[in-house]
Amino acid sequence: MNTVRTTDEESAGVRKVAVVTGAGSGIGRAVAVELLTAGWSVALAGRRPEPLAETAA
């Protein structure tokens, strides 16, 4: 996930959105951070609010 490419979708105003479950820790957190770094809009989901807030920060 280190390569970010510009596509015709981006220039056409298409927005990439993801819902990541388990985003408070582990693989879910890592995926959420990578997607955010790549410019995606991400909705974080998980059971515990405190770790989700840490991921969002």
# chains A, B, ... in the order shown; residues from 1 in each chain; ligands from 1
>>> residues_around(residues="Val20 (chain A)", least_positions_apart="4", cutoff="9 Å", atoms="only C-alpha atoms", output="PyMOL selection string")
chain A and resi 28-29+31-32+42-46
>>> write_last_selection(atoms="N, CA and C atoms", output="PDB file, in the first residue's frame")
ATOM      1  N   GLY A  28      -7.031  -3.907  12.114  1.00  0.00           N
ATOM      2  CA  GLY A  28      -8.020  -2.887  11.790  1.00  0.00           C
ATOM      3  C   GLY A  28      -7.447  -1.486  11.892  1.00  0.00           C
ATOM      4  N   ARG A  29      -6.686  -1.230  12.941  1.00  0.00           N
ATOM      5  CA  ARG A  29      -6.055   0.082  13.113  1.00  0.00           C
ATOM      6  C   ARG A  29      -5.044   0.328  11.994  1.00  0.00           C
ATOM      7  N   VAL A  31      -4.953  -0.909   8.971  1.00  0.00           N
ATOM      8  CA  VAL A  31      -5.662  -0.683   7.703  1.00  0.00           C
ATOM      9  C   VAL A  31      -6.242   0.726   7.679  1.00  0.00           C
ATOM     10  N   ALA A  32      -6.859   1.151   8.773  1.00  0.00           N
ATOM     11  CA  ALA A  32      -7.447   2.494   8.838  1.00  0.00           C
ATOM     12  C   ALA A  32      -6.394   3.563   8.618  1.00  0.00           C
ATOM     13  N   VAL A  42     -12.547   7.612   5.951  1.00  0.00           N
ATOM     14  CA  VAL A  42     -12.675   6.350   6.674  1.00  0.00           C
ATOM     15  C   VAL A  42     -13.618   6.502   7.864  1.00  0.00           C
ATOM     16  N   ALA A  43     -14.585   5.592   7.971  1.00  0.00           N
ATOM     17  CA  ALA A  43     -15.443   5.486   9.145  1.00  0.00           C
ATOM     18  C   ALA A  43     -14.870   4.375  10.016  1.00  0.00           C
ATOM     19  N   LEU A  44     -14.587   4.700  11.265  1.00  0.00           N
ATOM     20  CA  LEU A  44     -13.992   3.736  12.184  1.00  0.00           C
ATOM     21  C   LEU A  44     -15.084   3.074  13.016  1.00  0.00           C
ATOM     22  N   ALA A  45     -15.000   1.754  13.174  1.00  0.00           N
ATOM     23  CA  ALA A  45     -15.975   1.016  13.979  1.00  0.00           C
ATOM     24  C   ALA A  45     -15.240   0.069  14.918  1.00  0.00           C
ATOM     25  N   GLY A  46     -15.772  -0.082  16.119  1.00  0.00           N
ATOM     26  CA  GLY A  46     -15.184  -0.995  17.089  1.00  0.00           C
ATOM     27  C   GLY A  46     -16.021  -1.020  18.352  1.00  0.00           C
TER      28      GLY A  46
END
>>> atom_distance(atom1="CA of Glu34 (chain A)", atom2="CA of Gly22 (chain A)")
14.2 Å
